[in-house]
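A.B. asks: First, the structure itself, so that you have it in front of you.
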Amino acid sequence: MKNSSPLGMILALTVTAVVIGAILAGFYQLVEPRIEANRLAEEKRAIFSVLEGAETYDVIEREVPSDKKGGEIIRIFRGLDADGRTVGYAFIAEGPGFAGIIRMMVGLNFDLETLSGLKVMEQVETPGLGNKIGEEKFEGQFKGVAIRPRIEYLKNKKPVKPNQIQAITGATISSKAVVDAINKRVETILSVLGPQAAAGEG
Amino acid sequence: MMDKTRQVGEESKAGARGSTPGGSGDGPLIVSSSPHLLTADNIPKIMHSVVAALLPACAVSIYFFGIRALLLIAVSVAACIATERAIQRFLGKPSTIADGSAIITGILLALTLPPSFPLLGAVLGSVFAIAIGKHIFGGLGYNIFNPALLGRAFLQAAYPVLITTWVEPFTRGFDVDAIAAATPLALMKFEGQMTPHLDLLFGNISGSLGETSAVAIIIGGLYLRYKGYINWKLPLGYLGSMAFFGGIFWLMNPSRYPDPLFHVLAGGAMLGAWFMVTDMVTSPTTPKGQWIFAIAAGAIAVIIRLFGGLPEGVMYSILLLNSVVPLINRWTRPKVFGEVSS
Amino acid sequence: MTSQRTLFQEFKKGIWAENPVIKMLLGMCPALAVTNSAVNGLAMGLASTFVVICSSAIVSIIRRFVPGGVRIPTYIIIIAGFVTLADLFLRAYFPVISKALGPYVPLIVVNCMIMGRAEFFASKHPVVPSILDALGTGTGFVWVLVVLGSIREILGSGSIFGVTLLSERIYTPWVVMILPAGAFLSLGLLIALINYLTQRRQGAH
């Protein structure tokens with residue numbers, strides 16, 4: 001190793017950083033399309049899993065008022081069957097869970113009365129307890145659940161009303177987080193879709 | 001409590017600190033918290049008294065929960081003894097089964113479990129309690145944590161659902177899926193319901209085997225106190241602290257927080273106060289330290305109960321304080337040899 | 001560390017005698033954090049191995065040109081570069097694993113094992129021994145992570161590499177094993193077992 005002169009040190013660090021930076025930039029260009037494709041593929045899978053009978057979908061973008069400045073752009077995926085009729089709407093809902101953000105795809109039937117499905121896309125809940133929100137047994141309960149007046153959860157009891165689901169034993173917080181996030185999002189979505197559906201588009 | 005002990009009565013003086021821990025251990029450097037007067041011939045005597053003191057609680061649990069309770073206790077005790085024997089044979093150490101400490105660990109562990117808990121799970125908890133809770137640290141007298149509570153903590157983490165599945169008293173049979181009940185503490189925390197004090201006192205409530213009847217445990221505890229094997233500062237400090245801190249919140253908002261009597265009668269408070277806080281190996285040796293230990297543990301238990309995610313905080317409060325016992329001993333070391341005041 | 005060692009010895013020592021996890025207790029963070037399943041352990045191990053080999057090679061090549069005063073920052077830039085490469089690669093080609101490992105892939109940067117090989121070995125040795133040294137260290141890292149991940153996955157989920165071994169009907173998984181506490185328990189017991197075996201073998205000689 002050479003003696004450390006300030007110029008030598010600056011030179012060594014600069015050269016290393018530039019070379020590494022150039023390599024990274026090149027590699028990023030190479031793989032970026034694939035990463036984006038992965039993201040889209042996952043989104044697509046989730047949309048079709050919550051909208052039964054949908055063959056294709058299109059995207060509705062709307063700006064809605066939100067806590068953030070200038071509002072928020074929400075994306076609603078309208079599922080269409082083979083004849084081009086609307087089967088339902090899918091949208092992303094997210095909210096804080098027990099250990100981190102829960103992000104999920106929610107399907108809403110075209111009548112805007114019941115959910116058509118739920119797919120949890122991202123969650124870091126406790127393994128063995130909270131992470132059961134990602135299991136079919138829990139997600140499946142949301143198929144056909146009524147959204148009015150709002151979705152409710154029960155503990156250790158089988159649901160009796162159409163707007164109820166059963167919380168996971170020992171993971172009430174995670175279950176509540178899912179229900180809360182959906183309820184909150186459904187309201188926004190209805191405010192966007194309401195007039196449209198009333199206009200007979202469904 | 002006397003889960004295991006190398007010390008005779010509780011009033012052993014601080015002057016004994018610094019004597020070779022355990023005596024028989026010839027390890028080079030052992031950091032251990034308790035004084036260890038070597039009166040081995042007394043250990044079986046103490047242990048048998050403790051077993052006797054636990055019998056009322058066992059009997060009541062069998063009365064309320066039937067054969068399941070009996071099986072749980074029997075299986076836990078057998079598993080603790082077997083683990084102790086296996087480890088000592090493996091390490092080539094002399095057997096200490098006769099001293100009865102493994103039996104007590106087994107009974108205490110069983111008393112902290114719900115009646116519907118699977119027997120294999122109880123075996124797992126027992127193995128963990130004896131192997132990791134006790135022998136990893138060097139065996140009886142060297143352990144930092146109460147072995148039974150450590151086994152219970154492991155089971156809590158391993159089977160979070162099973163260990164919070166309760167049944168109503170007088171539920172017989174083995175199919176527990178159909179009947180889920182809530183403990184008084186869970187009712188208080190999640191539903192805002194209070195359980196009558198008399199039910200708490202006599203045990204006609206759902207809960208783990210040993211946390212149903214406060215009266216049965218008090219009888220056992222008083223018997224041990226009468227025999228002189230329990231240091232009164234520890235249970236008094238623990239229960240008093242729970243009542244005091246619980247009482248503060250109760251006075252602030254009686255409709256939201258339970259009263260002090262509820263705190264000391266519900267859940268594992270009695271069992272913890274009489275049989276776990278008093279563990280000679282894992283509690284401080286100085287009188288001042290014992291007060292600090294008991295009061296701090298009681299405060300933490302109340303905080304967990306009222307503001308934590310879990311309905312019950314006795315187990316973690318004691319384990320938490322177990323871990324700082326060496327520090328407490330150091331802070332409260334008297335300046336002169338012998339005890340300054342009692 | 002002497003020049004007398006053969007190249008094979010440079011490779012071999014990292015697997016057992018100077019194993020980063022069980023002997024030197026380096027790289028504890030990933031070893032504890034991501035080994036909740038065998039496949040996560042394997043992926044983390046391979047990603048770290050890739051980074052340690054590449055960074056050791058580059059550090060060894062430039063060891064004569066880097067002034068002593070900035071060698072650590074230089075190493076960190078190099079390591080961070082390769083970590084980012086590995087992260088992008090996983091995200092592009094193994095999105096599921098990338099998601100499971102979460103923030104722990106970028107955190108390979110601060111794995112002391114990698115810095116350790118760069119500072120203590122690669123900066124003083126030619127390229128070929130440096131690569132072999134890194135390869136051995138990486139191999140040692142991989143096998144420990146896979147073993148840990150397997151133990152925790154079998155006990156905590158009743159499966160291995162995602163294949164169910166024990167059905168939930170006969171075996172209730174110990175949730176604790178896939179939680180952080182299970183990581184500490186398994187690693188502690190694994191190191192205890194290995195120390196016991198080592199001592200017994202030394203005693204027998």
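Residue numbering restarts at 1 in every chain; chains get A, B, ... in the order shown in the structure tokens, and ligands count up from 1 in that same order.
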At a cut-off of 8 Å, can you tabulate as JSON lines every residue of chain C near chain A together with its closest atom pair and the distance in Å to one decimal, using only C-alpha atoms and ordering rows by chain then number?
C.D. replies:
{"residue": "C:Arg63", "atom": "CA", "partner": "A:Met1", "partner_atom": "CA", "distance": 6.7}
{"residue": "C:Arg64", "atom": "CA", "partner": "A:Met1", "partner_atom": "CA", "distance": 4.9}
{"residue": "C:Phe65", "atom": "CA", "partner": "A:Met1", "partner_atom": "CA", "distance": 6.4}
{"residue": "C:Val66", "atom": "CA", "partner": "A:Ala12", "partner_atom": "CA", "distance": 6.0}
{"residue": "C:Pro67", "atom": "CA", "partner": "A:Ser4", "partner_atom": "CA", "distance": 4.9}
{"residue": "C:Gly68", "atom": "CA", "partner": "A:Ser4", "partner_atom": "CA", "distance": 6.0}
{"residue": "C:Gly69", "atom": "CA", "partner": "A:Ser4", "partner_atom": "CA", "distance": 5.7}
{"residue": "C:Val70", "atom": "CA", "partner": "A:Met9", "partner_atom": "CA", "distance": 6.0}
{"residue": "C:Pro73", "atom": "CA", "partner": "A:Leu13", "partner_atom": "CA", "distance": 7.6}
{"residue": "C:Thr74", "atom": "CA", "partner": "A:Leu13", "partner_atom": "CA", "distance": 5.9}
{"residue": "C:Ile77", "atom": "CA", "partner": "A:Ala17", "partner_atom": "CA", "distance": 6.5}
{"residue": "C:Ile78", "atom": "CA", "partner": "A:Ile20", "partner_atom": "CA", "distance": 6.7}
{"residue": "C:Gly81", "atom": "CA", "partner": "A:Ile20", "partner_atom": "CA", "distance": 5.8}
{"residue": "C:Thr84", "atom": "CA", "partner": "A:Leu24", "partner_atom": "CA", "distance": 7.5}
{"residue": "C:Leu85", "atom": "CA", "partner": "A:Leu24", "partner_atom": "CA", "distance": 6.6}
{"residue": "C:Leu88", "atom": "CA", "partner": "A:Val31", "partner_atom": "CA", "distance": 7.1}
{"residue": "C:Phe89", "atom": "CA", "partner": "A:Val31", "partner_atom": "CA", "distance": 7.3}
{"residue": "C:Arg91", "atom": "CA", "partner": "A:Ile35", "partner_atom": "CA", "distance": 6.0}
{"residue": "C:Ala92", "atom": "CA", "partner": "A:Ile35", "partner_atom": "CA", "distance": 4.6}
{"residue": "C:Tyr93", "atom": "CA", "partner": "A:Arg34", "partner_atom": "CA", "distance": 7.7}
{"residue": "C:Pro95", "atom": "CA", "partner": "A:Asn38", "partner_atom": "CA", "distance": 7.1}
{"residue": "C:Val175", "atom": "CA", "partner": "A:Gly128", "partner_atom": "CA", "distance": 5.6}
{"residue": "C:Ile178", "atom": "CA", "partner": "A:Pro127", "partner_atom": "CA", "distance": 6.7}
{"residue": "C:Leu179", "atom": "CA", "partner": "A:Pro127", "partner_atom": "CA", "distance": 7.1}
A.B. asks: Distance table requested - chain C against chain B, cut-off 12 Å, only C-alpha atoms: one row per qualifying residue with the closest atom pair and its distance in Å to one decimal, ordered by chain and rising residue number, as JSON lines.
C.D. replies:
{"residue": "C:Arg152", "atom": "CA", "partner": "B:Ala158", "partner_atom": "CA", "distance": 11.8}
{"residue": "C:Leu155", "atom": "CA", "partner": "B:Ala158", "partner_atom": "CA", "distance": 9.7}
{"residue": "C:Gly156", "atom": "CA", "partner": "B:Ala158", "partner_atom": "CA", "distance": 8.3}
{"residue": "C:Ser157", "atom": "CA", "partner": "B:Ala158", "partner_atom": "CA", "distance": 11.1}
{"residue": "C:Ile170", "atom": "CA", "partner": "B:Leu120", "partner_atom": "CA", "distance": 11.0}
{"residue": "C:Tyr171", "atom": "CA", "partner": "B:Leu120", "partner_atom": "CA", "distance": 9.8}
{"residue": "C:Thr172", "atom": "CA", "partner": "B:Tyr159", "partner_atom": "CA", "distance": 7.8}
{"residue": "C:Pro173", "atom": "CA", "partner": "B:Ala158", "partner_atom": "CA", "distance": 7.5}
{"residue": "C:Trp174", "atom": "CA", "partner": "B:Ala158", "partner_atom": "CA", "distance": 4.2}
{"residue": "C:Val175", "atom": "CA", "partner": "B:Ala158", "partner_atom": "CA", "distance": 4.6}
{"residue": "C:Val176", "atom": "CA", "partner": "B:Ala158", "partner_atom": "CA", "distance": 4.4}
{"residue": "C:Met177", "atom": "CA", "partner": "B:Ala158", "partner_atom": "CA", "distance": 7.2}
{"residue": "C:Ile178", "atom": "CA", "partner": "B:Ala158", "partner_atom": "CA", "distance": 9.3}
{"residue": "C:Leu179", "atom": "CA", "partner": "B:Ala157", "partner_atom": "CA", "distance": 8.5}
{"residue": "C:Pro180", "atom": "CA", "partner": "B:Ala157", "partner_atom": "CA", "distance": 10.5}
{"residue": "C:Ala181", "atom": "CA", "partner": "B:Ala157", "partner_atom": "CA", "distance": 8.5}
{"residue": "C:Gly182", "atom": "CA", "partner": "B:Ala158", "partner_atom": "CA", "distance": 9.0}
{"residue": "C:Leu185", "atom": "CA", "partner": "B:Ile132", "partner_atom": "CA", "distance": 9.5}
{"residue": "C:Ser186", "atom": "CA", "partner": "B:Ile132", "partner_atom": "CA", "distance": 11.9}
{"residue": "C:Gly188", "atom": "CA", "partner": "B:Ile132", "partner_atom": "CA", "distance": 10.9}
{"residue": "C:Leu189", "atom": "CA", "partner": "B:Ile132", "partner_atom": "CA", "distance": 9.8}
{"residue": "C:Ala192", "atom": "CA", "partner": "B:Ile136", "partner_atom": "CA", "distance": 10.1}
{"residue": "C:Tyr196", "atom": "CA", "partner": "B:Leu91", "partner_atom": "CA", "distance": 11.5}
A.B. asks: Hey, which of B:Trp166, B:Phe64, B:Phe190, B:Phe202 ends up closest to Leu310 (chain B)? Count only C-alpha atoms.
C.D. replies: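 Closest to Leu310 (chain B), using only C-alpha atoms: B:Phe190.
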A.B. asks: Give me, as a list in words, the contact residues of chain A against chain B at a cut-off of 12 Å, counting only C-alpha atoms.
C.D. replies: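 Matching residues, ligands excluded from the count: Phe98, Thr126, Pro127, Gly128, Leu129, Gly130, Lys155, Asn156, Lys157, Lys158, Ile168, Thr169, Gly170, Ala171, Thr172 and Ile173 of chain A.
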A.B. asks: What is the distance between CA of Leu70 (chain B) and CA of Ala102 (chain B), in Å to one decimal?
C.D. replies: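 Taking CA of Leu70 (chain B) and CA of Ala102 (chain B), their separation equals 17.3 Å.
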A.B. asks: Extract, using only C-alpha atoms, all DNA, RNA and protein residues at most 6 Å from region 136-146 of chain A, discarding same-chain residues fewer than 3 positions from it, and format them as a PyMOL selection string.
C.D. replies: chain A and resi 113-118+133+162-163
A.B. asks: Which residues come within 8 Å of Ser48 (chain C), counting only C-alpha atoms, excluding same-chain residues fewer than 6 positions away, as a ChimeraX atom specification?
C.D. replies: /C:108,114,138
A.B. asks: Between B:Leu200, B:Met47, B:Leu187, B:Val277, which one has atoms that come closest to Arg305 (chain B), using only C-alpha atoms?
C.D. replies: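 Smallest distance to Arg305 (chain B) is found for B:Leu187.
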A.B. asks: Go through A:Leu112, A:Val59, A:Leu40, A:Val120 one by one, measure the shortest atom-to-atom distance of each to Ile73 (chain A) using only C-alpha atoms, and give the residue with the smallest value.
C.D. replies: A:Val59
A.B. asks: Please return, as a PyMOL selection string, all residues of chain A that DSSP assigns to alpha helix (DSSP H) on the basis of the backbone.
C.D. replies: chain A and resi 6-50+136-139+172-198
A.B. asks: Deliver the residues from the most recent selection as a file, using C-alpha atoms, as a PDB file, in the first residue's frame.
C.D. replies:
ATOM      1  CA  PRO A   6      -4.785  13.451   0.274  1.00  0.00           C
ATOM      2  CA  LEU A   7      -4.771  13.511  -3.495  1.00  0.00           C
ATOM      3  CA  GLY A   8      -4.153   9.760  -3.691  1.00  0.00           C
ATOM      4  CA  MET A   9      -6.996   9.068  -1.275  1.00  0.00           C
ATOM      5  CA  ILE A  10      -9.441  11.259  -3.165  1.00  0.00           C
ATOM      6  CA  LEU A  11      -8.382   9.701  -6.436  1.00  0.00           C
ATOM      7  CA  ALA A  12      -8.725   6.131  -5.148  1.00  0.00           C
ATOM      8  CA  LEU A  13     -12.189   6.687  -3.724  1.00  0.00           C
ATOM      9  CA  THR A  14     -13.389   8.593  -6.783  1.00  0.00           C
ATOM     10  CA  VAL A  15     -12.177   5.994  -9.223  1.00  0.00           C
ATOM     11  CA  THR A  16     -13.711   3.145  -7.198  1.00  0.00           C
ATOM     12  CA  ALA A  17     -17.017   4.918  -6.849  1.00  0.00           C
ATOM     13  CA  VAL A  18     -17.208   5.845 -10.524  1.00  0.00           C
ATOM     14  CA  VAL A  19     -16.344   2.354 -11.721  1.00  0.00           C
ATOM     15  CA  ILE A  20     -18.775   0.631  -9.340  1.00  0.00           C
ATOM     16  CA  GLY A  21     -21.444   3.203 -10.151  1.00  0.00           C
ATOM     17  CA  ALA A  22     -21.033   2.630 -13.872  1.00  0.00           C
ATOM     18  CA  ILE A  23     -21.296  -1.149 -13.463  1.00  0.00           C
ATOM     19  CA  LEU A  24     -24.446  -0.765 -11.355  1.00  0.00           C
ATOM     20  CA  ALA A  25     -26.037   1.648 -13.801  1.00  0.00           C
ATOM     21  CA  GLY A  26     -25.429  -0.752 -16.662  1.00  0.00           C
ATOM     22  CA  PHE A  27     -26.753  -3.750 -14.762  1.00  0.00           C
ATOM     23  CA  TYR A  28     -29.814  -1.830 -13.691  1.00  0.00           C
ATOM     24  CA  GLN A  29     -30.631  -0.979 -17.302  1.00  0.00           C
ATOM     25  CA  LEU A  30     -30.339  -4.669 -18.042  1.00  0.00           C
ATOM     26  CA  VAL A  31     -32.654  -6.035 -15.373  1.00  0.00           C
ATOM     27  CA  GLU A  32     -35.057  -3.140 -14.823  1.00  0.00           C
ATOM     28  CA  PRO A  33     -37.606  -4.329 -17.426  1.00  0.00           C
ATOM     29  CA  ARG A  34     -37.690  -7.741 -15.777  1.00  0.00           C
ATOM     30  CA  ILE A  35     -38.226  -6.303 -12.300  1.00  0.00           C
ATOM     31  CA  GLU A  36     -41.084  -4.169 -13.627  1.00  0.00           C
ATOM     32  CA  ALA A  37     -42.516  -7.198 -15.441  1.00  0.00           C
ATOM     33  CA  ASN A  38     -42.399  -9.212 -12.208  1.00  0.00           C
ATOM     34  CA  ARG A  39     -44.305  -6.499 -10.420  1.00  0.00           C
ATOM     35  CA  LEU A  40     -46.959  -6.308 -13.127  1.00  0.00           C
ATOM     36  CA  ALA A  41     -47.275 -10.093 -13.290  1.00  0.00           C
ATOM     37  CA  GLU A  42     -47.881 -10.256  -9.560  1.00  0.00           C
ATOM     38  CA  GLU A  43     -50.467  -7.512  -9.761  1.00  0.00           C
ATOM     39  CA  LYS A  44     -52.166  -9.301 -12.652  1.00  0.00           C
ATOM     40  CA  ARG A  45     -52.239 -12.624 -10.811  1.00  0.00           C
ATOM     41  CA  ALA A  46     -53.764 -10.933  -7.792  1.00  0.00           C
ATOM     42  CA  ILE A  47     -56.413  -9.179  -9.879  1.00  0.00           C
ATOM     43  CA  PHE A  48     -57.541 -12.363 -11.569  1.00  0.00           C
ATOM     44  CA  SER A  49     -57.541 -14.277  -8.315  1.00  0.00           C
ATOM     45  CA  VAL A  50     -60.020 -11.834  -6.745  1.00  0.00           C
ATOM     46  CA  GLU A 136     -56.930 -19.392   1.754  1.00  0.00           C
ATOM     47  CA  LYS A 137     -58.937 -20.232   4.863  1.00  0.00           C
ATOM     48  CA  PHE A 138     -58.928 -16.588   5.936  1.00  0.00           C
ATOM     49  CA  GLU A 139     -58.916 -14.901   2.532  1.00  0.00           C
ATOM     50  CA  THR A 172     -57.069 -10.478  16.339  1.00  0.00           C
ATOM     51  CA  ILE A 173     -54.868  -7.471  15.609  1.00  0.00           C
ATOM     52  CA  SER A 174     -53.846  -8.726  12.183  1.00  0.00           C
ATOM     53  CA  SER A 175     -57.432  -9.705  11.373  1.00  0.00           C
ATOM     54  CA  LYS A 176     -58.710  -6.314  12.484  1.00  0.00           C
ATOM     55  CA  ALA A 177     -56.040  -4.578  10.391  1.00  0.00           C
ATOM     56  CA  VAL A 178     -57.231  -6.378   7.271  1.00  0.00           C
ATOM     57  CA  VAL A 179     -60.885  -5.556   7.931  1.00  0.00           C
ATOM     58  CA  ASP A 180     -60.153  -1.925   8.779  1.00  0.00           C
ATOM     59  CA  ALA A 181     -58.009  -1.387   5.701  1.00  0.00           C
ATOM     60  CA  ILE A 182     -60.693  -2.894   3.454  1.00  0.00           C
ATOM     61  CA  ASN A 183     -63.509  -0.903   5.039  1.00  0.00           C
ATOM     62  CA  LYS A 184     -61.589   2.324   4.655  1.00  0.00           C
ATOM     63  CA  ARG A 185     -60.669   1.668   1.050  1.00  0.00           C
ATOM     64  CA  VAL A 186     -64.126   0.443   0.065  1.00  0.00           C
ATOM     65  CA  GLU A 187     -65.564   3.805   1.073  1.00  0.00           C
ATOM     66  CA  THR A 188     -63.191   5.657  -1.236  1.00  0.00           C
ATOM     67  CA  ILE A 189     -63.794   3.222  -4.054  1.00  0.00           C
ATOM     68  CA  LEU A 190     -67.560   3.519  -3.707  1.00  0.00           C
ATOM     69  CA  SER A 191     -67.338   7.287  -3.841  1.00  0.00           C
ATOM     70  CA  VAL A 192     -65.567   6.944  -7.159  1.00  0.00           C
ATOM     71  CA  LEU A 193     -67.615   4.106  -8.619  1.00  0.00           C
ATOM     72  CA  GLY A 194     -70.991   4.985  -7.143  1.00  0.00           C
ATOM     73  CA  PRO A 195     -72.225   7.422  -9.798  1.00  0.00           C
ATOM     74  CA  GLN A 196     -70.714   5.344 -12.528  1.00  0.00           C
ATOM     75  CA  ALA A 197     -72.499   2.195 -11.461  1.00  0.00           C
ATOM     76  CA  ALA A 198     -75.720   4.127 -11.038  1.00  0.00           C
TER      77      ALA A 198
END
A.B. asks: Name the residues in contact with Pro254 (chain B) at a cut-off of 12 Å, using only C-alpha atoms, excluding same-chain residues fewer than 6 positions from it; report them as a ChimeraX atom specification.
C.D. replies: /B:192,194,246-248,260
A.B. asks: What separation in Å, quoted to one decimal, exists between CA of Ile102 (chain A) and CA of Gly134 (chain A)?
C.D. replies: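 These atoms are spaced 10.0 Å apart.
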A.B. asks: Which residues in chain A does DSSP call strand (DSSP E)? List them as a PyMOL selection string.
C.D. replies: chain A and resi 56-64+72-80+86-96+101-109+115-122+152-154+164-166
A.B. asks: Using only C-alpha atoms, which residues sit within 9 Å of region 100-102 of chain C once same-chain residues fewer than 6 positions away are excluded, as a VMD selection string?
C.D. replies: chain C and resid 33 to 34 40 43 to 44
A.B. asks: Deliver the residues from the most recent selection as a file, using all heavy atoms, as a CSV table (one decimal), in the first residue's frame.
C.D. replies:
chain,number,residue,atom,x,y,z
C,33,ALA,N,-31.4,-13.9,11.2
C,33,ALA,CA,-32.6,-13.2,10.8
C,33,ALA,C,-33.4,-13.9,9.7
C,33,ALA,O,-34.6,-14.0,9.6
C,33,ALA,CB,-32.3,-11.8,10.3
C,34,VAL,N,-32.6,-14.5,8.7
C,34,VAL,CA,-33.3,-15.0,7.5
C,34,VAL,C,-33.4,-16.6,7.5
C,34,VAL,O,-34.0,-17.1,6.6
C,34,VAL,CB,-32.6,-14.6,6.2
C,34,VAL,CG1,-32.6,-13.1,6.2
C,34,VAL,CG2,-31.3,-15.2,6.1
C,40,ASN,N,-34.6,-19.9,2.3
C,40,ASN,CA,-34.1,-18.6,2.6
C,40,ASN,C,-32.7,-18.6,3.0
C,40,ASN,O,-31.9,-17.7,2.7
C,40,ASN,CB,-35.0,-17.9,3.7
C,40,ASN,CG,-36.3,-17.5,3.2
C,40,ASN,OD1,-36.6,-17.6,2.0
C,40,ASN,ND2,-37.2,-17.0,4.1
C,43,ALA,N,-30.6,-19.1,-0.1
C,43,ALA,CA,-30.5,-18.0,-0.9
C,43,ALA,C,-29.6,-16.9,-0.3
C,43,ALA,O,-28.7,-16.3,-1.0
C,43,ALA,CB,-31.9,-17.4,-1.1
C,44,MET,N,-29.7,-16.7,1.0
C,44,MET,CA,-28.9,-15.7,1.7
C,44,MET,C,-27.4,-16.1,1.6
C,44,MET,O,-26.5,-15.3,1.4
C,44,MET,CB,-29.4,-15.5,3.1
C,44,MET,CG,-28.5,-14.7,4.0
C,44,MET,SD,-28.1,-13.1,3.3
C,44,MET,CE,-29.5,-12.1,3.6
A.B. asks: Can you measure CA of Lys189 (chain B) to CA of Ile219 (chain B) for me? One decimal in Å is fine.
C.D. replies: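 Here the two named atoms are 28.4 Å from each other.
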A.B. asks: Please list as a JSON list (two decimals) with C-alpha atoms, in the first residue's frame every residue within 9 Å of region 230-239 of chain B, counting only C-alpha atoms and excluding residues in the same chain fewer than 3 positions away.
C.D. replies:
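Dumped to around_11.json:
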[["chain", "number", "residue", "atom", "x", "y", "z"],
["B", 1, "MET", "CA", -39.92, -20.62, 45.52],
["B", 2, "MET", "CA", -38.04, -23.70, 46.34],
["B", 9, "GLY", "CA", -34.37, -21.23, 55.76],
["B", 10, "GLU", "CA", -35.00, -18.01, 54.04],
["B", 11, "GLU", "CA", -33.29, -15.84, 56.57],
["B", 221, "GLY", "CA", -48.21, -20.79, 50.80],
["B", 222, "LEU", "CA", -49.15, -20.26, 54.44],
["B", 224, "LEU", "CA", -44.66, -23.14, 53.76],
["B", 225, "ARG", "CA", -44.47, -19.86, 55.65],
["B", 226, "TYR", "CA", -45.34, -21.74, 58.83],
["B", 227, "LYS", "CA", -42.54, -24.20, 58.14],
["B", 242, "MET", "CA", -49.76, -5.48, 42.32],
["B", 243, "ALA", "CA", -52.52, -4.24, 44.57],
["B", 244, "PHE", "CA", -50.87, -0.85, 44.97],
["B", 263, "HIS", "CA", -55.45, -8.13, 40.51],
["B", 264, "VAL", "CA", -54.15, -10.31, 43.31],
["B", 269, "ALA", "CA", -50.69, -13.80, 40.70],
["B", 270, "MET", "CA", -51.14, -16.14, 43.68],
["B", 272, "GLY", "CA", -46.44, -16.69, 41.10],
["B", 273, "ALA", "CA", -46.26, -14.85, 44.40],
["B", 274, "TRP", "CA", -46.11, -17.91, 46.65],
["B", 275, "PHE", "CA", -44.23, -20.42, 44.56],
["B", 277, "VAL", "CA", -41.20, -15.20, 43.17],
["B", 278, "THR", "CA", -39.98, -17.01, 46.29],
["B", 279, "ASP", "CA", -37.66, -19.32, 44.37],
["B", 280, "MET", "CA", -34.50, -19.15, 46.49],
["B", 283, "SER", "CA", -34.48, -14.23, 43.84],
["B", 287, "PRO", "CA", -33.54, -8.02, 52.30],
["B", 290, "GLN", "CA", -35.88, -8.81, 47.90],
["B", 291, "TRP", "CA", -38.18, -5.83, 48.32],
["B", 292, "ILE", "CA", -36.91, -4.27, 45.10],
["B", 293, "PHE", "CA", -37.31, -7.56, 43.26],
["B", 294, "ALA", "CA", -40.85, -8.26, 44.46],
["B", 295, "ILE", "CA", -42.18, -4.73, 44.06],
["B", 296, "ALA", "CA", -40.68, -4.21, 40.61],
["B", 297, "ALA", "CA", -42.04, -7.56, 39.41],
["B", 298, "GLY", "CA", -45.50, -6.71, 40.72],
["B", 299, "ALA", "CA", -45.47, -3.35, 38.96]]
